[in-house]
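Here is the file query_32.txt (compact mmCIF, C-alpha atoms and all ligand atoms).
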```txt
# COMPACT_ATOMS: atom_id res chain seq x y z
CA MET A 12 42.57 -224.89 55.79
CA SER A 13 44.60 -221.79 56.58
CA VAL A 14 44.46 -219.96 59.90
CA LEU A 15 42.31 -217.29 58.27
CA ASP A 16 39.64 -219.82 57.24
CA GLN A 17 39.22 -221.32 60.71
CA GLU A 18 35.87 -220.85 62.42
CA PHE A 19 37.44 -219.32 65.57
CA MET A 20 39.26 -216.74 63.42
CA ILE A 21 36.08 -215.83 61.51
CA GLY A 22 34.14 -215.47 64.78
CA PHE A 23 36.90 -213.34 66.33
CA ILE A 24 37.05 -211.00 63.31
CA ARG A 25 33.26 -210.67 63.19
CA MET A 26 33.17 -209.71 66.87
CA ALA A 27 35.91 -207.08 66.37
CA THR A 28 34.02 -205.62 63.41
CA ASP A 29 30.69 -205.60 65.28
CA GLY A 30 32.33 -203.80 68.21
CA PHE A 31 33.86 -201.18 65.92
CA GLU A 32 30.53 -200.62 64.16
CA HIS A 33 28.84 -200.17 67.51
CA GLY A 34 31.24 -197.29 68.26
CA TRP A 35 33.07 -198.95 71.14
CA HIS A 36 36.55 -198.99 69.53
CA GLU A 37 37.68 -195.50 68.67
CA ARG A 38 41.26 -195.49 67.35
CA ASN A 39 43.04 -198.47 69.02
CA GLY A 40 40.54 -198.58 71.90
CA GLY A 41 39.63 -201.99 73.29
CA ASN A 42 41.11 -205.49 72.92
CA LEU A 43 39.93 -209.07 72.51
CA SER A 44 41.41 -212.47 73.34
CA TYR A 45 40.34 -216.06 72.73
CA ARG A 46 41.74 -219.20 74.41
CA MET A 47 42.11 -221.73 71.59
CA LYS A 48 40.88 -225.32 71.84
CA GLU A 49 43.44 -228.12 71.51
CA GLU A 50 41.96 -229.21 68.19
CA GLU A 51 42.12 -225.63 66.89
CA VAL A 52 45.81 -225.41 67.78
CA ALA A 53 46.38 -228.77 66.05
CA ALA A 54 44.48 -227.62 62.95
CA VAL A 55 46.80 -224.61 62.45
CA ALA A 56 50.02 -226.20 63.81
CA GLY A 57 51.64 -226.10 60.35
CA GLU A 58 51.33 -222.30 60.27
CA LEU A 59 52.65 -221.64 63.78
CA ASN A 60 56.24 -220.50 64.05
CA HIS A 61 58.10 -221.24 67.28
CA ASP A 62 61.28 -219.27 66.51
CA ALA A 63 60.28 -215.97 68.12
CA PRO A 64 61.79 -215.16 71.53
CA TRP A 65 59.91 -215.60 74.80
CA GLN A 66 58.77 -212.27 76.26
CA PRO A 67 57.65 -211.48 79.81
CA ILE A 68 53.87 -211.27 80.26
CA GLY A 69 54.30 -208.94 83.24
CA THR A 70 52.39 -211.24 85.57
CA GLU A 71 52.08 -214.94 86.43
CA VAL A 72 49.33 -217.15 85.02
CA PRO A 73 50.47 -220.71 85.82
CA GLY A 74 46.93 -221.97 85.19
CA LEU A 75 47.41 -221.10 81.51
CA ALA A 76 50.75 -222.87 80.97
CA GLY A 77 51.01 -224.24 77.43
CA GLU A 78 47.78 -222.56 76.24
CA TYR A 79 47.48 -220.67 72.93
CA PHE A 80 45.52 -217.43 72.52
CA LEU A 81 44.35 -215.36 69.58
CA VAL A 82 44.71 -211.71 70.67
CA THR A 83 44.50 -208.20 69.23
CA GLY A 84 47.73 -206.25 68.83
CA SER A 85 48.66 -203.23 70.91
CA GLY A 86 47.95 -199.95 69.12
CA LYS A 87 46.08 -201.79 66.37
CA TYR A 88 42.65 -200.56 65.29
CA PHE A 89 39.57 -202.83 65.51
CA ARG A 90 38.46 -201.05 62.32
CA ASN A 91 41.35 -202.67 60.44
CA VAL A 92 41.09 -206.22 61.84
CA CYS A 93 38.80 -207.51 59.06
CA LEU A 94 40.94 -205.89 56.33
CA ASP A 95 44.21 -207.45 57.46
CA PRO A 96 43.93 -209.94 60.32
CA ALA A 97 47.55 -211.09 60.03
CA ALA A 98 48.81 -207.54 60.61
CA ASN A 99 46.50 -206.71 63.52
CA LEU A 100 46.18 -210.00 65.43
CA ALA A 101 48.56 -212.56 66.93
CA ILE A 102 48.44 -216.14 68.08
CA ILE A 103 50.59 -216.42 71.20
CA GLU A 104 51.78 -219.42 73.21
CA ILE A 105 52.20 -219.30 77.01
CA ASP A 106 55.30 -220.99 78.43
CA GLU A 107 55.33 -223.75 81.05
CA SER A 108 55.88 -221.31 83.92
CA GLY A 109 53.00 -219.04 82.93
CA THR A 110 55.25 -215.97 83.00
CA GLN A 111 56.23 -215.63 79.32
CA TYR A 112 54.57 -215.57 75.92
CA LYS A 113 55.79 -216.07 72.36
CA ILE A 114 54.23 -214.79 69.12
CA CYS A 115 53.63 -217.80 66.84
CA TRP A 116 51.52 -216.19 64.13
CA GLY A 117 50.45 -212.72 62.98
CA LEU A 118 51.59 -209.15 63.67
CA VAL A 119 53.40 -209.49 60.35
CA ASN A 120 54.36 -205.81 60.28
CA GLY A 121 55.70 -205.94 63.83
CA GLY A 122 54.13 -205.09 67.16
CA ARG A 123 53.15 -206.85 70.35
CA PRO A 124 49.95 -208.17 71.90
CA THR A 125 47.55 -205.74 73.56
CA SER A 126 48.90 -203.70 76.47
CA GLU A 127 46.04 -205.22 78.50
CA LEU A 128 47.51 -208.72 78.10
CA PRO A 129 48.06 -209.06 81.88
CA SER A 130 44.37 -208.30 82.55
CA HIS A 131 43.19 -210.60 79.75
CA LEU A 132 45.33 -213.52 80.88
CA MET A 133 44.57 -213.12 84.59
CA ASN A 134 40.84 -213.01 83.74
CA HIS A 135 41.23 -216.11 81.53
CA GLU A 136 43.03 -217.91 84.33
CA VAL A 137 40.19 -217.23 86.79
CA LYS A 138 37.45 -218.08 84.30
CA LYS A 139 39.15 -221.27 83.13
CA ARG A 140 39.25 -222.41 86.77
CA VAL A 141 35.76 -221.36 87.89
CA THR A 142 34.00 -222.61 84.71
CA ASN A 143 36.03 -225.85 84.37
CA GLY A 144 37.45 -224.62 81.08
CA ALA A 145 34.15 -223.56 79.50
CA TYR A 146 34.97 -219.84 79.17
CA ARG A 147 37.29 -218.86 76.31
CA VAL A 148 36.63 -215.20 75.45
CA ILE A 149 37.68 -212.00 77.23
CA TYR A 150 36.55 -208.71 75.65
CA HIS A 151 37.48 -205.16 76.59
CA CYS A 152 35.49 -202.34 74.95
CA HIS A 153 35.09 -198.61 75.45
CA ALA A 154 31.28 -198.73 75.58
CA THR A 155 30.11 -195.11 75.64
CA ASN A 156 27.14 -195.18 78.01
CA VAL A 157 28.77 -197.51 80.52
CA ILE A 158 31.66 -195.05 80.73
CA ALA A 159 29.22 -192.13 81.12
CA MET A 160 27.52 -193.88 84.07
CA THR A 161 30.83 -194.05 85.94
CA PHE A 162 30.76 -190.25 86.31
CA VAL A 163 27.35 -190.28 87.97
CA LEU A 164 26.82 -193.37 90.12
CA PRO A 165 28.82 -194.42 93.18
CA LEU A 166 31.52 -196.85 92.02
CA THR A 167 30.05 -199.92 93.73
CA ASP A 168 28.97 -203.32 92.40
CA GLU A 169 25.62 -202.81 94.14
CA ALA A 170 24.79 -199.43 92.57
CA PHE A 171 25.77 -200.45 89.03
CA THR A 172 24.14 -203.88 89.11
CA ARG A 173 20.86 -202.56 90.45
CA GLU A 174 20.61 -199.64 88.01
CA LEU A 175 21.54 -201.80 85.02
CA TRP A 176 19.05 -204.51 86.05
CA GLU A 177 16.27 -201.93 86.42
CA MET A 178 16.72 -200.60 82.89
CA ALA A 179 15.52 -203.73 81.07
CA THR A 180 13.67 -206.79 82.34
CA GLU A 181 16.01 -209.15 80.49
CA CYS A 182 19.14 -207.77 82.20
CA PRO A 183 18.99 -209.84 85.41
CA VAL A 184 18.33 -212.89 83.21
CA VAL A 185 21.42 -212.18 81.07
CA PHE A 186 23.75 -211.31 83.98
CA PRO A 187 22.15 -212.69 87.16
CA GLN A 188 25.45 -212.54 89.10
CA GLY A 189 25.54 -208.74 88.58
CA VAL A 190 28.51 -206.60 87.54
CA GLY A 191 31.69 -205.59 89.36
CA VAL A 192 33.30 -202.15 89.35
CA VAL A 193 36.99 -201.24 89.40
CA PRO A 194 37.74 -197.66 90.54
CA TRP A 195 39.91 -195.54 88.26
CA MET A 196 43.34 -197.14 87.93
CA VAL A 197 46.29 -196.88 85.55
CA PRO A 198 45.48 -199.25 82.66
CA GLY A 199 47.83 -201.66 80.96
CA GLY A 200 49.55 -203.32 83.87
CA ARG A 201 49.42 -206.05 86.47
CA GLU A 202 47.65 -204.07 89.25
CA ILE A 203 44.47 -203.34 87.30
CA GLY A 204 44.56 -206.96 86.11
CA VAL A 205 44.68 -208.21 89.70
CA GLU A 206 41.65 -206.09 90.69
CA THR A 207 39.69 -207.09 87.56
CA SER A 208 40.42 -210.78 87.90
CA LYS A 209 39.25 -210.72 91.54
CA LEU A 210 35.86 -209.52 90.24
CA MET A 211 35.86 -212.27 87.61
CA GLU A 212 35.63 -214.82 90.44
CA ASP A 213 32.00 -213.69 90.87
CA TYR A 214 30.98 -211.77 87.75
CA ASP A 215 31.18 -211.98 83.95
CA VAL A 216 31.33 -208.17 83.68
CA ALA A 217 33.86 -205.78 85.20
CA ILE A 218 33.40 -202.05 84.63
CA TRP A 219 36.50 -199.87 84.64
CA ALA A 220 35.62 -196.39 85.92
CA HIS A 221 36.06 -193.68 83.26
CA HIS A 222 37.48 -196.25 80.84
CA GLY A 223 35.23 -199.12 79.67
CA MET A 224 34.32 -202.69 80.53
CA PHE A 225 35.59 -206.27 80.42
CA CYS A 226 33.24 -209.14 79.57
CA ALA A 227 33.90 -212.88 79.78
CA GLY A 228 32.09 -215.79 78.18
CA PRO A 229 32.29 -219.24 76.61
CA ASP A 230 32.05 -218.06 72.98
CA PHE A 231 31.93 -214.94 70.82
CA ASP A 232 28.12 -214.74 70.60
CA ILE A 233 27.53 -214.93 74.34
CA THR A 234 30.37 -212.58 75.25
CA TYR A 235 29.44 -210.00 72.62
CA GLY A 236 25.77 -210.34 73.54
CA LEU A 237 26.64 -209.66 77.16
CA ALA A 238 28.55 -206.47 76.33
CA ASP A 239 25.71 -205.39 74.04
CA THR A 240 23.08 -206.01 76.74
CA VAL A 241 25.02 -204.11 79.42
CA GLU A 242 25.72 -201.17 77.10
CA LYS A 243 22.10 -200.99 75.91
CA SER A 244 20.93 -200.91 79.51
CA ALA A 245 23.46 -198.15 80.24
CA GLU A 246 22.13 -196.21 77.25
CA ILE A 247 18.59 -196.41 78.61
CA TRP A 248 19.88 -195.29 82.02
CA ILE A 249 21.60 -192.25 80.51
CA LYS A 250 18.43 -191.39 78.56
CA VAL A 251 16.22 -191.70 81.63
CA ARG A 252 18.68 -189.69 83.69
CA SER A 253 18.81 -187.02 80.97
CA CYS A 254 15.01 -186.58 81.23
CA THR A 255 14.54 -186.68 84.96
CA PRO A 256 16.58 -186.87 88.18
CA GLU A 257 14.16 -189.48 89.61
CA LYS A 258 12.42 -192.40 87.94
CA ARG A 259 8.66 -192.18 88.27
CA GLN A 260 8.35 -195.99 88.34
CA THR A 261 10.73 -198.89 87.96
CA ILE A 262 11.25 -202.63 88.49
CA THR A 263 11.15 -203.10 92.27
CA PRO A 264 13.06 -205.54 94.51
CA GLU A 265 9.79 -207.50 94.87
CA ASP A 266 9.49 -207.67 91.07
CA PHE A 267 13.04 -209.06 90.83
CA ARG A 268 12.24 -211.67 93.49
CA GLU A 269 9.23 -212.72 91.41
CA LEU A 270 11.27 -212.79 88.19
CA ALA A 271 14.02 -215.06 89.54
CA PRO A 272 12.06 -218.35 89.90
CA ALA A 273 10.16 -217.67 86.67
CA PHE A 274 13.46 -217.68 84.79
CA GLY A 275 15.25 -220.26 86.94
CA ILE A 276 17.89 -217.79 88.15
CA GLU A 277 19.12 -216.67 91.54
CA LEU A 278 19.53 -212.95 92.15
CA PRO A 279 21.80 -212.13 95.12
CA GLU A 280 19.86 -210.25 97.83
CA LYS A 281 22.74 -207.77 98.20
CA PHE A 282 21.51 -206.14 94.98
CA LEU A 283 17.86 -205.95 96.07
CA TYR A 284 18.35 -203.37 98.81
CA GLU A 285 15.73 -200.71 99.63
CA LYS A 286 16.56 -197.27 98.25
CA HIS A 287 15.84 -194.16 100.30
P1 LIG B 1 45.90 -201.67 73.21
O1 LIG B 1 45.91 -200.95 71.86
O2 LIG B 1 47.28 -201.85 73.76
O3 LIG B 1 45.10 -202.94 73.13
O4 LIG B 1 45.19 -200.69 74.25
C1 LIG B 1 43.88 -200.25 74.02
C2 LIG B 1 43.12 -200.07 75.28
O5 LIG B 1 41.91 -200.02 75.25
C3 LIG B 1 43.84 -199.98 76.58
O6 LIG B 1 42.98 -200.10 77.66
ZN ZN B 2 40.88 -199.59 77.12
```
Mind turning the file's structure into structure tokens?
Amino acid sequence: MSVLDQEFMIGFIRMATDGFEHGWHERNGGNLSYRMKEEEVAAVAGELNHDAPWQPIGTEVPGLAGEYFLVTGSGKYFRNVCLDPAANLAIIEIDESGTQYKICWGLVNGGRPTSELPSHLMNHEVKKRVTNGAYRVIYHCHATNVIAMTFVLPLTDEAFTRELWEMATECPVVFPQGVGVVPWMVPGGREIGVETSKLMEDYDVAIWAHHGMFCAGPDFDITYGLADTVEKSAEIWIKVRSCTPEKRQTITPEDFRELAPAFGIELPEKFLYEKH
């Protein structure tokens, strides 16, 4: 079976296409990465080329030494991924020091992995550690309503988590840990990756002010579903806010405390503060 017929490749392409169709990937906006399983690397070993030079990642991820990732290319359009995966995606290998990568497949017309590779890999490194290897997907999208919210709310984990939870009863069930917020920073480098990966210690969602969000998860369905849930909640928030400066009624801290045991989740008290 060729690389293109592998289940992980089909899932990756479907997620990229879904994100584009949702309107979260204008032009080359957004990027996606998947940490391949050992058996998936073995299944495509015959198609991997190890002749390309090692390149600096721009950060250190020793916890990912020897891992392989499927990633989107920098400047490539999500819209085109399904039409020509080999031109828009790459499989990269991480070296034994965790400081360099090598392109082993894809980007057949040239190019390099996403400019957000440092953020992706630092997030993967944290998630691999804190989930004992269960998490494999990191997704960055330019979700419209989430971005809009970052112009209105204070840029705190508490404000964003609480407002997003209030907009749909299922939200605290889908992301009970809440969401983290990174203030505006220059994208594409190590610094924003450091700040984002700190948030990934606690959360599966990191919102980048005036830019977009990062989601992490074990597979494509759960990670995409998470982004979809957060963005839908943000859309409701923007609609409510467009109608009225104050909500007439909402889900209260007491309601959340009642919800938690019913769904077998824990909701940190820091998000259930009284509003004045
Ligand atoms: P890339 O095209 O390099 O992936 O950049 C897109 C983006 O969204 C940067 O944050
Ligand atoms: Zn971006």
Mind running chain A against ligand LIG 1 (chain B) at 9 Å and telling me each contacting residue's nearest atom pair with the distance in Å (one decimal), counting all atoms listed in the file, chain and number ascending, as a tab-separated table?
```
residue	atom	partner	partner_atom	distance
A:His36	CA	B:LIG1	O5	7.9
A:Arg38	CA	B:LIG1	O1	8.5
A:Asn39	CA	B:LIG1	O1	4.7
A:Gly40	CA	B:LIG1	O5	3.9
A:Gly41	CA	B:LIG1	O5	3.6
A:Asn42	CA	B:LIG1	O3	4.7
A:Leu43	CA	B:LIG1	O3	8.0
A:Thr83	CA	B:LIG1	O3	6.6
A:Gly84	CA	B:LIG1	O3	6.0
A:Ser85	CA	B:LIG1	O2	3.5
A:Gly86	CA	B:LIG1	O1	3.6
A:Lys87	CA	B:LIG1	O1	5.6
A:Tyr88	CA	B:LIG1	O1	7.3
A:Arg123	CA	B:LIG1	O2	8.4
A:Pro124	CA	B:LIG1	O2	7.1
A:Thr125	CA	B:LIG1	O3	3.7
A:Ser126	CA	B:LIG1	O2	3.7
A:Glu127	CA	B:LIG1	O3	5.9
A:Leu128	CA	B:LIG1	O3	8.0
A:His151	CA	B:LIG1	O5	6.9
A:Cys152	CA	B:LIG1	O5	6.8
A:His153	CA	B:LIG1	O5	7.0
A:Pro198	CA	B:LIG1	O6	5.7
A:Gly199	CA	B:LIG1	O6	6.1
A:His222	CA	B:LIG1	O6	7.4
A:Gly223	CA	B:LIG1	O5	8.1
```
Answer as a short mmCIF file (atom, residue, chain, number, x, y, z; two decimals) with C-alpha atoms, keeping the file's coordinate frame, residues within 9 Å of (56.5, -221.5, 70.0) using all atoms listed in the file:
```cif
data_model
loop_
_atom_site.label_atom_id
_atom_site.label_comp_id
_atom_site.auth_asym_id
_atom_site.auth_seq_id
_atom_site.Cartn_x
_atom_site.Cartn_y
_atom_site.Cartn_z
CA LEU A 59 52.65 -221.64 63.78
CA ASN A 60 56.24 -220.50 64.05
CA HIS A 61 58.10 -221.24 67.28
CA ASP A 62 61.28 -219.27 66.51
CA ALA A 63 60.28 -215.97 68.12
CA PRO A 64 61.79 -215.16 71.53
CA TRP A 65 59.91 -215.60 74.80
CA ILE A 103 50.59 -216.42 71.20
CA GLU A 104 51.78 -219.42 73.21
CA ILE A 105 52.20 -219.30 77.01
CA ASP A 106 55.30 -220.99 78.43
CA TYR A 112 54.57 -215.57 75.92
CA LYS A 113 55.79 -216.07 72.36
CA ILE A 114 54.23 -214.79 69.12
CA CYS A 115 53.63 -217.80 66.84
#
```
**Study point:** Top pick for closest residue to ligand ZN 2 (chain B), considering A:Ala179, A:Val184, A:Met196, A:Val163 and counting only C-alpha atoms and all ligand atoms
**Key:**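 Closest candidate: A:Met196.
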**Study point:** Long-range neighbours of Val205 (chain A) as a list in words, 9 Å cut-off, all atoms listed in the file, 4 positions minimum in chain
**Key:** Pro129, Ser130, Met133, Asn134, Arg201, Lys209 and Leu210 of chain A
Review point. Which residue gives the smallest distance to ligand ZN 2 (chain B) among A:Val92, A:Ala273, A:Ile203, A:Met224, with all atoms listed in the file counted?
Key: A:Met224
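Reported to one decimal place, the separation of CA of Gly74 (chain A) from CA of Ile218 (chain A) is 24.1 Å.
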Practice item. For region 255-263 of chain A, list every protein, DNA or RNA residue within 12 Å, evaluated using only C-alpha atoms, and leave out those in the same chain fewer than 4 positions away; present the list as a list in words. Key: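 Non-adjacent residues within range: Val163, Arg173, Glu174, Leu175, Trp176, Glu177, Met178, Ala179, Thr180, Glu181, Cys182, Pro183, Ile247, Trp248, Ile249, Lys250, Val251, Phe267, Arg268, Glu269, Leu270, Phe282, Leu283, Tyr284, Glu285, Lys286 and His287 of chain A.
Between CA of Lys48 (chain A) and CA of Ala101 (chain A) the separation is 15.7 Å.
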Practice item. Would you work out the distance separating CA of Thr240 (chain A) from CA of Phe186 (chain A), expressed in Å to one decimal? Key: 9.0 Å
Exercise for review: Compute the distance from (54.7, -223.0, 80.6) to each atom, counting all atoms listed in the file, keep the residues with any atom at most 8 Å away, and return them as a list in words; use the coordinates of the file.
Suggested key: Pro73, Leu75, Ala76, Gly77, Ile105, Asp106, Glu107, Ser108, Gly109, Thr110 and Gln111 of chain A
What are the nearest atom pairs, with distances in Å to one decimal, for all residues of region 148-235 of chain A that come at most 10 Å from region 15-30 of chain A, using all atoms listed in the file, set out by chain and rising residue number as a Markdown table?
```
| residue | atom | partner | partner_atom | distance |
| --- | --- | --- | --- | --- |
| A:Val148 | CA | A:Phe23 | CA | 9.3 |
| A:Tyr150 | CA | A:Ala27 | CA | 9.4 |
| A:His151 | CA | A:Gly30 | CA | 9.9 |
| A:Cys152 | CA | A:Gly30 | CA | 7.6 |
| A:His153 | CA | A:Gly30 | CA | 9.3 |
| A:Ala154 | CA | A:Gly30 | CA | 9.0 |
| A:Asp230 | CA | A:Gly22 | CA | 8.8 |
| A:Phe231 | CA | A:Gly22 | CA | 6.5 |
| A:Asp232 | CA | A:Met26 | CA | 8.0 |
| A:Thr234 | CA | A:Met26 | CA | 9.3 |
| A:Tyr235 | CA | A:Met26 | CA | 6.9 |
```
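Of the listed residues (A:Ala220, A:Met211, A:Leu100, A:Val197), A:Ala220 comes nearest to Phe162 (chain A); the distances count all atoms listed in the file.
Comparing the minimum interatomic distances between ligand ZN 2 (chain B) and each of A:Gly236, A:Gly200, A:Gly69, A:Pro229, counting only C-alpha atoms and all ligand atoms, we find that A:Gly200 sits nearest.
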Point to revise | Nearest to ligand ZN 2 (chain B), chosen from A:Gly228, A:Tyr214, A:His221, A:Arg147, with all atoms listed in the file counted in the distances | key: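 For ligand ZN 2 (chain B), the nearest of the given residues is A:His221.
For the set A:Ile158, A:Ile68, A:Ala98, A:Ile276, the residue with the smallest atom-to-atom gap to ligand ZN 2 (chain B) is A:Ile158, counting all atoms listed in the file.
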Neighbour list for Tyr146 (chain A) as a compact mmCIF listing (two decimals) with C-alpha atoms, in the frame of the given file, cut-off 10 Å, only C-alpha atoms, skip fewer than 6 positions in-chain:
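This went into part_29.txt:
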```
# COMPACT_ATOMS: atom_id res chain seq x y z
CA TYR A 45 40.34 -216.06 72.73
CA ARG A 46 41.74 -219.20 74.41
CA HIS A 135 41.23 -216.11 81.53
CA GLU A 136 43.03 -217.91 84.33
CA VAL A 137 40.19 -217.23 86.79
CA LYS A 138 37.45 -218.08 84.30
CA LYS A 139 39.15 -221.27 83.13
CA ARG A 140 39.25 -222.41 86.77
CA ASP A 215 31.18 -211.98 83.95
CA ALA A 227 33.90 -212.88 79.78
CA GLY A 228 32.09 -215.79 78.18
CA PRO A 229 32.29 -219.24 76.61
CA ASP A 230 32.05 -218.06 72.98
CA THR A 234 30.37 -212.58 75.25
```
